[in-house]
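S.K.: Structure file coords_33.pdb (PDB, C-alpha atoms and all ligand atoms) is given on the next line.
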```
ATOM      1  CA  MET Y  20      -0.042  27.855-195.120
ATOM      2  CA  SER Y  21       0.290  31.059-193.193
ATOM      3  CA  ARG Y  22      -1.529  34.073-194.602
ATOM      4  CA  LYS Y  23       0.522  36.441-192.457
ATOM      5  CA  TYR Y  24       2.888  37.364-195.277
ATOM      6  CA  ALA Y  25       2.118  39.084-198.561
ATOM      7  CA  ASN Y  26       4.298  36.716-200.536
ATOM      8  CA  LEU Y  27       6.871  34.000-200.292
ATOM      9  CA  ALA Y  28       9.832  36.381-200.480
ATOM     10  CA  GLU Y  29       8.504  38.260-197.448
ATOM     11  CA  ARG Y  30       7.975  34.992-195.583
ATOM     12  CA  ILE Y  31      11.574  33.931-196.216
ATOM     13  CA  LEU Y  32      12.917  37.311-195.092
ATOM     14  CA  ALA Y  33      10.818  37.223-191.919
ATOM     15  CA  ASN Y  34      12.412  33.912-190.969
ATOM     16  CA  THR Y  35      16.028  34.836-191.551
ATOM     17  CA  MET Y  36      18.559  36.532-189.337
ATOM     18  CA  ILE Y  37      21.396  38.703-190.637
ATOM     19  CA  SER Y  38      24.594  36.963-189.598
ATOM     20  CA  ASP Y  39      27.278  38.919-187.784
ATOM     21  CA  ASP Y  40      30.042  36.389-188.318
ATOM     22  CA  SER Y  41      29.415  34.780-191.715
ATOM     23  CA  PHE Y  42      30.115  36.848-194.826
ATOM     24  CA  PHE Y  43      30.668  36.459-198.538
ATOM     25  CA  GLU Y  44      32.444  39.263-200.405
ATOM     26  CA  GLY Y  45      31.601  41.749-197.669
ATOM     27  CA  THR Y  46      27.878  41.035-197.364
ATOM     28  CA  PRO Y  47      26.450  39.032-194.449
ATOM     29  CA  CYS Y  48      24.718  35.685-194.729
ATOM     30  CA  TRP Y  49      20.972  35.602-194.149
ATOM     31  CA  ILE Y  50      20.552  32.653-191.820
ATOM     32  CA  TRP Y  51      17.322  30.650-192.090
ATOM     33  CA  MET Y  52      15.804  30.281-188.614
ATOM     34  CA  GLY Y  53      13.028  27.869-189.534
ATOM     35  CA  LYS Y  54      12.907  24.141-189.958
ATOM     36  CA  ARG Y  55      15.893  22.276-191.355
ATOM     37  CA  ASN Y  56      16.395  18.831-192.748
ATOM     38  CA  SER Y  57      18.828  16.126-191.645
ATOM     39  CA  SER Y  58      21.483  17.434-194.043
ATOM     40  CA  GLY Y  59      21.372  20.873-192.409
ATOM     41  CA  TYR Y  60      19.470  22.669-195.169
ATOM     42  CA  GLY Y  61      16.547  24.949-194.401
ATOM     43  CA  GLN Y  62      13.061  23.782-195.328
ATOM     44  CA  ILE Y  63       9.939  25.721-196.199
ATOM     45  CA  ASN Y  64       6.416  24.587-196.995
ATOM     46  CA  ARG Y  65       4.739  26.001-200.043
ATOM     47  CA  ARG Y  66       2.160  25.037-202.590
ATOM     48  CA  PHE Y  67       3.139  23.524-205.902
ATOM     49  CA  LYS Y  68       2.476  25.994-208.698
ATOM     50  CA  ARG Y  69       2.417  23.405-211.432
ATOM     51  CA  GLY Y  70       2.817  19.754-212.165
ATOM     52  CA  PRO Y  71       0.829  16.763-210.949
ATOM     53  CA  ARG Y  72       0.821  18.018-207.344
ATOM     54  CA  LYS Y  73      -0.360  21.535-208.263
ATOM     55  CA  GLY Y  74      -2.174  23.202-205.352
ATOM     56  CA  LYS Y  75      -0.832  20.711-202.792
ATOM     57  CA  VAL Y  76       1.596  21.735-200.082
ATOM     58  CA  GLY Y  77       5.104  20.344-200.301
ATOM     59  CA  THR Y  78       8.375  20.835-198.465
ATOM     60  CA  PHE Y  79      11.068  22.654-200.399
ATOM     61  CA  LEU Y  80      14.667  23.591-199.707
ATOM     62  CA  VAL Y  81      14.592  27.226-198.687
ATOM     63  CA  HIS Y  82      17.804  28.249-200.464
ATOM     64  CA  ARG Y  83      16.376  26.963-203.751
ATOM     65  CA  VAL Y  84      13.188  28.950-203.159
ATOM     66  CA  ALA Y  85      15.307  32.003-202.218
ATOM     67  CA  VAL Y  86      17.223  31.890-205.515
ATOM     68  CA  GLN Y  87      13.933  32.062-207.365
ATOM     69  CA  GLU Y  88      11.793  34.296-205.141
ATOM     70  CA  LEU Y  89      14.473  36.694-203.868
ATOM     71  CA  GLY Y  90      17.028  36.429-206.638
ATOM     72  CA  GLY Y  91      14.514  36.359-209.468
ATOM     73  CA  ARG Y  92      16.340  33.519-211.171
ATOM     74  CA  LYS Y  93      14.873  30.340-212.577
ATOM     75  CA  LEU Y  94      15.954  26.873-211.553
ATOM     76  CA  THR Y  95      15.009  23.771-213.420
ATOM     77  CA  ALA Y  96      14.426  20.491-211.620
ATOM     78  CA  ARG Y  97      17.904  19.421-212.687
ATOM     79  CA  SER Y  98      19.785  22.532-211.627
ATOM     80  CA  VAL Y  99      21.232  22.981-208.178
ATOM     81  CA  ALA Y 100      21.433  26.143-206.097
ATOM     82  CA  MET Y 101      25.000  26.651-204.974
ATOM     83  CA  HIS Y 102      26.049  28.486-201.843
ATOM     84  CA  LEU Y 103      28.996  30.719-202.720
ATOM     85  CA  CYS Y 104      29.393  31.342-198.965
ATOM     86  CA  ASN Y 105      29.287  27.610-198.132
ATOM     87  CA  ASN Y 106      26.697  28.248-195.451
ATOM     88  CA  PRO Y 107      23.866  25.746-195.997
ATOM     89  CA  LEU Y 108      21.304  27.870-194.117
ATOM     90  CA  CYS Y 109      22.065  31.079-196.017
ATOM     91  CA  CYS Y 110      19.203  32.628-198.066
ATOM     92  CA  ASN Y 111      21.000  35.745-199.292
ATOM     93  CA  PRO Y 112      20.399  35.724-203.073
ATOM     94  CA  ALA Y 113      23.778  37.408-203.583
ATOM     95  CA  HIS Y 114      25.368  34.307-202.044
ATOM     96  CA  LEU Y 115      23.412  31.840-204.154
ATOM     97  CA  LYS Y 116      24.077  30.793-207.682
ATOM     98  CA  GLY Y 117      22.042  28.499-209.855
ATOM     99  CA  GLY Y 118      24.037  25.953-211.748
ATOM    100  CA  THR Y 119      24.443  22.353-212.682
ATOM    101  CA  GLN Y 120      25.516  19.572-210.381
ATOM    102  CA  ARG Y 121      28.698  19.388-212.444
ATOM    103  CA  GLN Y 122      29.562  23.030-211.720
ATOM    104  CA  ASN Y 123      28.772  22.466-208.073
ATOM    105  CA  VAL Y 124      31.218  19.577-207.830
ATOM    106  CA  GLN Y 125      33.825  21.601-209.729
ATOM    107  CA  GLN Y 126      33.462  24.425-207.209
ATOM    108  CA  CYS Y 127      33.939  21.971-204.335
ATOM    109  CA  VAL Y 128      37.031  20.483-205.931
ATOM    110  CA  ARG Y 129      38.459  23.942-206.620
ATOM    111  CA  GLU Y 130      37.995  24.941-203.003
ATOM    112  CA  GLY Y 131      39.380  21.699-201.698
ATOM    113  CA  ARG Y 132      36.193  20.433-200.105
ATOM    114  CA  HIS Y 133      35.021  17.702-202.330
ATOM    115  CA  TYR Y 134      31.740  16.339-201.161
ATOM    116  CA  THR Y 135      28.285  16.296-202.676
ATOM    117  CA  PRO Y 136      25.754  18.054-200.468
ATOM    118  CA  PHE Y 137      22.947  17.897-203.030
ATOM    119  CA  ARG Y 138      21.106  14.648-203.406
ATOM    120  CA  LYS Y 139      19.520  13.776-206.748
ATOM    121  CA  SER Y 140      16.012  14.231-205.457
ATOM    122  CA  VAL Y 141      16.566  17.845-204.399
TER
HETATM  123 ZN    ZN Y 201      25.704  33.438-197.290
END
```
Could I get this structure in the form of structure tokens?
M.R.:
Amino acid sequence: MSRKYANLAERILANTMISDDSFFEGTPCWIWMGKRNSSGYGQINRRFKRGPRKGKVGTFLVHRVAVQELGGRKLTARSVAMHLCNNPLCCNPAHLKGGTQRQNVQQCVREGRHYTPFRKSV
């Protein structure tokens, strides 16, 4: 892992770009410029802090890490991080909301785009 950044939050910010055409409630999206997975979500490598793989490096979804490191909110393994702006690469904590898969589906249905972007394993 890179030692260039003081912490994870700084590393995320250094790899995002402020969008000039994607907004949510008047604030721009922070677009992840790093690696992305086949579903179009940003990926970041970090060490596990706990659990059986503690100390090992794993690949995480960057918007989930952003909710916790930038937004200061906790996510459990079962909760999903929802994009209020519907931009899968966005890391702006003001655009991200932790919730359950059920709430996520309800939001999709409400907005008329019913699909399930979050797989069980993420
Ligand atoms: Zn956004």
S.K.: Show me which residues sit within 6 Å of ligand ZN 201 (chain Y) when counting only C-alpha atoms and all ligand atoms, and put them as an NGL selection string.
M.R.: :Y and (43 or 48 or 104 or 106 or 109 or 111 or 114)
S.K.: Report as an NGL selection string the full result of the PyMOL selection byres (((chain Y and resi 83) around 9) and not hetatm) when it is applied to this structure.
M.R.: :Y and (79-82 or 84-88 or 94 or 99-101 or 110 or 115 or 117)
S.K.: Would you mind reading off the distance between CA of Gly91 in chain Y and CA of Gly45 in chain Y, one decimal, in Å?
M.R.: 21.5 Å
S.K.: Tell me, in Å to one decimal, how far CA of Trp51 in chain Y is from CA of Arg92 in chain Y.
M.R.: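 For CA of Trp51 in chain Y relative to CA of Arg92 in chain Y, the distance reads 19.3 Å.
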S.K.: Give me, please, the distance in Å between CA of Met36 in chain Y and CA of Lys54 in chain Y, quoted to one decimal.
M.R.: 13.6 Å
S.K.: Return the padded bounding box of range 25-44 of chain Y as JSON: axis-aligned, built from all atoms listed in the file, 4 Å added on each side, with centre and edge lengths in Å to one decimal.
M.R.:
```
{"center_x": 17.3, "center_y": 36.6, "center_z": -194.2, "size_x": 38.3, "size_y": 13.4, "size_z": 20.8}
```
S.K.: List as a PyMOL selection string the protein and nucleic acid residues near Arg132 in chain Y, meaning an atom at most 12 Å away when only C-alpha atoms are counted, but skip any in the same chain fewer than 5 places from it.
M.R.: chain Y and resi 105+123-127
S.K.: Determine, counting all atoms listed in the file, which protein, DNA and RNA residues have an atom within 8 Å of an atom of Leu108 in chain Y; residues of the same chain fewer than 6 positions away are not included. Present the result as a PyMOL selection string.
M.R.: chain Y and resi 49-51+59-61+82
S.K.: Store the residues picked out above, limited to C-alpha atoms, as a CSV table (one decimal), in the frame of the given file.
M.R.:
```
chain,number,residue,atom,x,y,z
Y,49,TRP,CA,21.0,35.6,-194.1
Y,50,ILE,CA,20.6,32.7,-191.8
Y,51,TRP,CA,17.3,30.6,-192.1
Y,59,GLY,CA,21.4,20.9,-192.4
Y,60,TYR,CA,19.5,22.7,-195.2
Y,61,GLY,CA,16.5,24.9,-194.4
Y,82,HIS,CA,17.8,28.2,-200.5
```
S.K.: When distances are computed from only C-alpha atoms, which of Y:Met52, Y:Pro47, Y:Val128, Y:Gly90 shows the smallest separation from Asn34 in chain Y?
M.R.: Y:Met52
S.K.: Quick one: everything within 8 Å of range 65-68 of chain Y, counting all atoms listed in the file, minus sequence neighbours fewer than 6 positions away in the same chain. Send it as number ranges by chain.
M.R.: Y: 20, 74-79
